[in-house]
file entry.pdb (PDB, C-alpha atoms)
ATOM      1  CA  MET A  30       0.000   0.000   0.000
ATOM      2  CA  GLN A  31       1.213   3.503  -0.787
ATOM      3  CA  LEU A  32       0.406   7.041   0.233
ATOM      4  CA  ILE A  33       0.181   9.780  -2.350
ATOM      5  CA  ALA A  34      -0.053  13.433  -1.368
ATOM      6  CA  ALA A  35       1.028  16.987  -2.058
ATOM      7  CA  VAL A  36       2.441  18.659   1.055
ATOM      8  CA  ASP A  37       3.913  22.032   1.929
ATOM      9  CA  LYS A  38       7.154  22.480   3.870
ATOM     10  CA  ASN A  39       5.246  21.851   7.145
ATOM     11  CA  TRP A  40       3.555  18.736   5.716
ATOM     12  CA  ALA A  41       0.236  20.573   5.471
ATOM     13  CA  ILE A  42      -2.214  19.075   2.973
ATOM     14  CA  GLY A  43      -5.330  21.237   3.068
ATOM     15  CA  ARG A  44      -7.471  24.056   4.345
ATOM     16  CA  LYS A  45     -11.239  24.175   4.751
ATOM     17  CA  GLY A  46     -11.737  20.908   2.895
ATOM     18  CA  GLN A  47      -9.668  21.845  -0.148
ATOM     19  CA  MET A  48      -6.144  21.171  -1.352
ATOM     20  CA  LEU A  49      -3.673  23.960  -0.680
ATOM     21  CA  VAL A  50      -2.765  24.496  -4.334
ATOM     22  CA  THR A  51      -3.416  22.915  -7.709
ATOM     23  CA  ILE A  52      -0.261  22.203  -9.689
ATOM     24  CA  PRO A  53      -0.905  20.708 -13.143
ATOM     25  CA  ALA A  54       2.228  18.499 -13.091
ATOM     26  CA  ASP A  55       1.187  17.132  -9.680
ATOM     27  CA  GLN A  56      -2.278  16.336 -11.014
ATOM     28  CA  LYS A  57      -0.733  14.617 -14.028
ATOM     29  CA  LEU A  58       1.554  12.513 -11.821
ATOM     30  CA  PHE A  59      -1.354  11.609  -9.538
ATOM     31  CA  ARG A  60      -3.366  10.462 -12.544
ATOM     32  CA  GLN A  61      -0.449   8.461 -14.017
ATOM     33  CA  GLU A  62       0.258   6.727 -10.714
ATOM     34  CA  THR A  63      -3.354   5.897  -9.790
ATOM     35  CA  ILE A  64      -5.116   5.199 -13.100
ATOM     36  CA  GLY A  65      -6.356   1.611 -13.151
ATOM     37  CA  LYS A  66      -5.515   1.226  -9.460
ATOM     38  CA  VAL A  67      -7.377   1.374  -6.143
ATOM     39  CA  VAL A  68      -7.746   4.687  -4.302
ATOM     40  CA  VAL A  69      -8.784   4.883  -0.662
ATOM     41  CA  MET A  70     -10.138   8.137   0.704
ATOM     42  CA  GLY A  71     -12.372   9.626   3.336
ATOM     43  CA  ARG A  72     -15.811  11.054   2.657
ATOM     44  CA  LYS A  73     -14.547  14.663   2.863
ATOM     45  CA  THR A  74     -11.835  13.947   0.290
ATOM     46  CA  LEU A  75     -14.468  12.482  -2.020
ATOM     47  CA  ALA A  76     -16.564  15.637  -1.567
ATOM     48  CA  ALA A  77     -13.537  17.767  -2.557
ATOM     49  CA  LEU A  78     -13.044  15.903  -5.854
ATOM     50  CA  PRO A  79     -14.456  17.467  -9.037
ATOM     51  CA  GLY A  80     -18.219  17.208  -8.796
ATOM     52  CA  GLY A  81     -17.849  15.280  -5.524
ATOM     53  CA  ARG A  82     -17.700  12.138  -7.651
ATOM     54  CA  PRO A  83     -15.402   9.095  -7.504
ATOM     55  CA  LEU A  84     -12.350   9.147  -9.760
ATOM     56  CA  ASP A  85     -12.809   7.596 -13.195
ATOM     57  CA  SER A  86     -10.821   4.520 -14.224
ATOM     58  CA  ARG A  87     -10.012   3.615 -10.627
ATOM     59  CA  THR A  88     -11.540   1.452  -7.923
ATOM     60  CA  ASN A  89     -12.730   3.960  -5.303
ATOM     61  CA  ILE A  90     -13.066   2.974  -1.661
ATOM     62  CA  VAL A  91     -14.494   5.575   0.716
ATOM     63  CA  LEU A  92     -14.105   5.257   4.474
ATOM     64  CA  THR A  93     -16.958   6.900   6.372
ATOM     65  CA  ARG A  94     -18.618   6.603   9.781
ATOM     66  CA  ASP A  95     -22.037   7.227   8.189
ATOM     67  CA  PRO A  96     -23.713   3.789   7.882
ATOM     68  CA  SER A  97     -26.183   5.076   5.285
ATOM     69  CA  PHE A  98     -23.541   6.658   3.002
ATOM     70  CA  SER A  99     -23.427   5.401  -0.562
ATOM     71  CA  VAL A 100     -22.261   6.898  -3.824
ATOM     72  CA  LYS A 101     -22.391   5.487  -7.325
ATOM     73  CA  GLY A 102     -18.955   4.368  -8.491
ATOM     74  CA  ALA A 103     -17.455   3.774  -5.050
ATOM     75  CA  THR A 104     -17.521   1.200  -2.302
ATOM     76  CA  ALA A 105     -18.277   2.600   1.150
ATOM     77  CA  VAL A 106     -16.568   1.011   4.156
ATOM     78  CA  HIS A 107     -17.026   1.930   7.789
ATOM     79  CA  SER A 108     -13.799   0.856   9.475
ATOM     80  CA  VAL A 109     -10.136   0.369   8.673
ATOM     81  CA  GLU A 110     -10.643  -3.357   9.210
ATOM     82  CA  GLU A 111     -13.460  -3.455   6.654
ATOM     83  CA  ALA A 112     -11.324  -1.469   4.218
ATOM     84  CA  LEU A 113      -8.383  -3.851   4.684
ATOM     85  CA  GLU A 114     -10.701  -6.794   4.031
ATOM     86  CA  LYS A 115     -11.877  -5.215   0.742
ATOM     87  CA  LEU A 116      -8.278  -4.357  -0.182
ATOM     88  CA  SER A 117      -6.989  -7.891   0.474
ATOM     89  CA  VAL A 118      -7.880  -8.960  -3.078
ATOM     90  CA  TYR A 119      -5.588  -6.306  -4.621
ATOM     91  CA  ARG A 120      -1.819  -6.191  -4.917
ATOM     92  CA  ASP A 121      -0.230  -3.812  -2.380
ATOM     93  CA  GLU A 122       1.482  -1.812  -5.141
ATOM     94  CA  ASP A 123      -1.946  -1.144  -6.709
ATOM     95  CA  ILE A 124      -3.420   0.521  -3.597
ATOM     96  CA  PHE A 125      -3.064   4.269  -3.020
ATOM     97  CA  ILE A 126      -4.183   6.107   0.101
ATOM     98  CA  ILE A 127      -5.213   9.577  -1.105
ATOM     99  CA  GLY A 128      -6.430  11.348   2.040
ATOM    100  CA  GLY A 129      -7.408  13.235   4.023
ATOM    101  CA  GLN A 130      -5.561  13.652   7.289
ATOM    102  CA  SER A 131      -7.449  11.029   9.296
ATOM    103  CA  ILE A 132      -7.225   8.476   6.479
ATOM    104  CA  TYR A 133      -3.468   9.015   6.120
ATOM    105  CA  GLU A 134      -3.037   8.569   9.880
ATOM    106  CA  GLN A 135      -5.166   5.406  10.015
ATOM    107  CA  PHE A 136      -3.492   3.717   7.033
ATOM    108  CA  LEU A 137       0.110   4.840   7.620
ATOM    109  CA  PRO A 138       0.988   1.646   9.552
ATOM    110  CA  TYR A 139      -0.017  -0.447   6.520
ATOM    111  CA  CYS A 140       1.904   1.552   3.903
ATOM    112  CA  GLY A 141       5.369   0.718   2.642
ATOM    113  CA  GLY A 142       5.800   3.528   0.129
ATOM    114  CA  ALA A 143       4.830   7.129  -0.442
ATOM    115  CA  HIS A 144       4.692   9.457  -3.441
ATOM    116  CA  ILE A 145       5.007  13.011  -2.156
ATOM    117  CA  THR A 146       4.892  16.264  -4.064
ATOM    118  CA  PHE A 147       6.903  18.480  -1.713
ATOM    119  CA  ILE A 148       6.074  22.178  -2.168
ATOM    120  CA  ASP A 149       8.686  24.627  -0.891
ATOM    121  CA  TYR A 150       6.145  27.025   0.561
ATOM    122  CA  GLU A 151       4.324  27.440   3.860
ATOM    123  CA  TYR A 152       0.549  27.676   3.558
ATOM    124  CA  HIS A 153      -2.057  28.618   6.137
ATOM    125  CA  ALA A 154      -3.583  25.172   6.649
ATOM    126  CA  ASP A 155      -5.790  23.160   8.966
ATOM    127  CA  THR A 156      -4.978  19.591   7.893
ATOM    128  CA  TYR A 157      -1.618  17.851   7.886
ATOM    129  CA  MET A 158       0.094  14.623   7.029
ATOM    130  CA  VAL A 159       2.695  12.961   9.229
ATOM    131  CA  ASN A 160       6.188  14.266   8.432
ATOM    132  CA  LEU A 161       7.728  11.180   6.856
ATOM    133  CA  ASP A 162      11.222  12.662   7.212
ATOM    134  CA  LYS A 163      10.841  12.186  10.984
ATOM    135  CA  GLU A 164       8.840   8.943  11.094
ATOM    136  CA  GLY A 165      10.983   6.002   9.978
ATOM    137  CA  TRP A 166      10.873   6.621   6.241
ATOM    138  CA  ARG A 167      13.649   7.466   3.805
ATOM    139  CA  VAL A 168      13.713   9.214   0.470
ATOM    140  CA  THR A 169      14.649   6.877  -2.376
ATOM    141  CA  ASP A 170      14.135   9.225  -5.310
ATOM    142  CA  VAL A 171      13.837  12.985  -5.795
ATOM    143  CA  SER A 172      13.035  14.774  -9.024
ATOM    144  CA  ASP A 173      14.793  17.890 -10.186
ATOM    145  CA  GLU A 174      13.264  21.031  -8.748
ATOM    146  CA  GLN A 175      10.150  22.054 -10.661
ATOM    147  CA  THR A 176       8.414  25.416 -10.803
ATOM    148  CA  TYR A 177       4.836  26.484 -11.291
ATOM    149  CA  PHE A 178       4.662  30.267 -11.502
ATOM    150  CA  ASP A 179       6.519  31.298  -8.327
ATOM    151  CA  LEU A 180       6.208  27.921  -6.549
ATOM    152  CA  CYS A 181       9.124  25.508  -6.318
ATOM    153  CA  TYR A 182       8.387  21.836  -5.722
ATOM    154  CA  GLU A 183       9.823  18.385  -6.233
ATOM    155  CA  PHE A 184       8.501  14.863  -6.479
ATOM    156  CA  ARG A 185       9.803  12.527  -3.781
ATOM    157  CA  ARG A 186       9.453   8.804  -3.274
ATOM    158  CA  TYR A 187       9.749   7.362   0.208
ATOM    159  CA  VAL A 188      10.017   3.833   1.575
ATOM    160  CA  ARG A 189       9.290   2.765   5.111
ATOM    161  CA  THR A 190      12.435   1.766   7.007
ATOM    162  CA  ASP A 191      10.911   0.789  10.358
ATOM    163  CA  LYS A 192       9.092  -2.396   9.281
TER     164      LYS A 192
END
call {"tool": "encode", "arguments": {"input": "entry.pdb", "output": "structure tokens"}}
result
Amino acid sequence: MQLIAAVDKNWAIGRKGQMLVTIPADQKLFRQETIGKVVVMGRKTLAALPGGRPLDSRTNIVLTRDPSFSVKGATAVHSVEEALEKLSVYRDEDIFIIGGQSIYEQFLPYCGGAHITFIDYEYHADTYMVNLDKEGWRVTDVSDEQTYFDLCYEFRRYVRTDK
């Protein structure tokens, strides 16, 4: 299982239910990495997607506490254990945890890799991801520095070292 996220220099991921910034190259990478794969998200992340709809060409699993929640094109689960049961039929490398904060925290122990777009900027945010640089992970690959208008960012790949 892998995490995929865009984070700022404080590992912030969002504010008021939205991503901090939209970077076309990040969106392209996200699509390339997840197309044809399984994405696991929380209900609020689903609501923040375009049209509040599941992502096309992917198996969408939505973790929610609402027992009556259902959405066309996604499977609703109500616990991490239920999600793991549904995910057991897929290869680990085909599963991407896509947020938000609570979902990242709950699935972090099960993940062995992470795809991080690291943005060299500090946003005013209210949701964060665990700082993988301090949590038993190591960087295995870093892209050249990229720019989008005045933003500098890089793509990083991490692997868990504490398993």
call {"tool": "atom_distance", "arguments": {"input": "entry.pdb", "atom1": "atom CA of Val91 of chain A", "atom2": "atom CA of Val118 of chain A"}}
result
16.4 Å
call {"tool": "resolve_selection", "arguments": {"input": "entry.pdb", "expression": "the PyMOL selection byres ((chain A and resi 173) around 10)", "output": "ChimeraX atom specification"}}
result
/A:170-172,174-176,182-185
call {"tool": "closest_atom_pairs", "arguments": {"input": "entry.pdb", "of": "segment 124-165 of chain A", "to": "segment 66-85 of chain A", "cutoff": "8 Å", "atoms": "only C-alpha atoms", "output": "CSV"}}
result
residue,atom,partner,partner_atom,distance
A:Ile124,CA,A:Val67,CA,4.8
A:Phe125,CA,A:Val68,CA,4.9
A:Ile126,CA,A:Val69,CA,4.8
A:Ile127,CA,A:Met70,CA,5.4
A:Gly128,CA,A:Met70,CA,5.1
A:Gly129,CA,A:Thr74,CA,5.8
A:Ser131,CA,A:Gly71,CA,7.9
A:Ile132,CA,A:Gly71,CA,6.1
call {"tool": "resolve_selection", "arguments": {"input": "entry.pdb", "expression": "the PyMOL selection byres ((chain A and resi 153-167) around 7)", "output": "PDB file with C-alpha atoms, in the coordinates of the input"}}
result
ATOM      1  CA  TRP A  40       3.555  18.736   5.716  1.00  0.00           C
ATOM      2  CA  ALA A  41       0.236  20.573   5.471  1.00  0.00           C
ATOM      3  CA  ILE A  42      -2.214  19.075   2.973  1.00  0.00           C
ATOM      4  CA  GLY A  43      -5.330  21.237   3.068  1.00  0.00           C
ATOM      5  CA  ARG A  44      -7.471  24.056   4.345  1.00  0.00           C
ATOM      6  CA  LYS A  45     -11.239  24.175   4.751  1.00  0.00           C
ATOM      7  CA  GLN A 130      -5.561  13.652   7.289  1.00  0.00           C
ATOM      8  CA  TYR A 133      -3.468   9.015   6.120  1.00  0.00           C
ATOM      9  CA  GLU A 151       4.324  27.440   3.860  1.00  0.00           C
ATOM     10  CA  TYR A 152       0.549  27.676   3.558  1.00  0.00           C
ATOM     11  CA  VAL A 168      13.713   9.214   0.470  1.00  0.00           C
ATOM     12  CA  THR A 169      14.649   6.877  -2.376  1.00  0.00           C
ATOM     13  CA  TYR A 187       9.749   7.362   0.208  1.00  0.00           C
ATOM     14  CA  VAL A 188      10.017   3.833   1.575  1.00  0.00           C
ATOM     15  CA  ARG A 189       9.290   2.765   5.111  1.00  0.00           C
ATOM     16  CA  THR A 190      12.435   1.766   7.007  1.00  0.00           C
ATOM     17  CA  ASP A 191      10.911   0.789  10.358  1.00  0.00           C
TER      18      ASP A 191
END
call {"tool": "resolve_selection", "arguments": {"input": "entry.pdb", "expression": "the PyMOL selection byres ((chain A and resi 35) around 7)", "output": "count of residues only"}}
result
6
call {"tool": "atom_distance", "arguments": {"input": "entry.pdb", "atom1": "atom CA of Ile90 of chain A", "atom2": "atom CA of Val106 of chain A"}}
result
7.1 Å
call {"tool": "atom_distance", "arguments": {"input": "entry.pdb", "atom1": "atom CA of Ala54 of chain A", "atom2": "atom CA of Cys140 of chain A"}}
result
24.0 Å
call {"tool": "closest_residue", "arguments": {"input": "entry.pdb", "among": "A:Gly46, A:Pro53, A:Gly65, A:Pro138", "to": "Val109 of chain A", "atoms": "only C-alpha atoms"}}
result
A:Pro138
call {"tool": "residues_around", "arguments": {"input": "entry.pdb", "residues": "Glu62 of chain A", "least_positions_apart": "3", "cutoff": "10 Å", "atoms": "only C-alpha atoms", "output": "PyMOL selection string"}}
result
chain A and resi 33+56-59+65-66+123+125+144
call {"tool": "closest_residue", "arguments": {"input": "entry.pdb", "among": "A:Tyr177, A:Tyr119, A:Phe136, A:Tyr150", "to": "Gln31 of chain A", "atoms": "all atoms listed in the file"}}
result
A:Phe136
call {"tool": "closest_residue", "arguments": {"input": "entry.pdb", "among": "A:Val100, A:Cys181, A:Leu116, A:Leu137", "to": "Lys38 of chain A", "atoms": "all atoms listed in the file"}}
result
A:Cys181
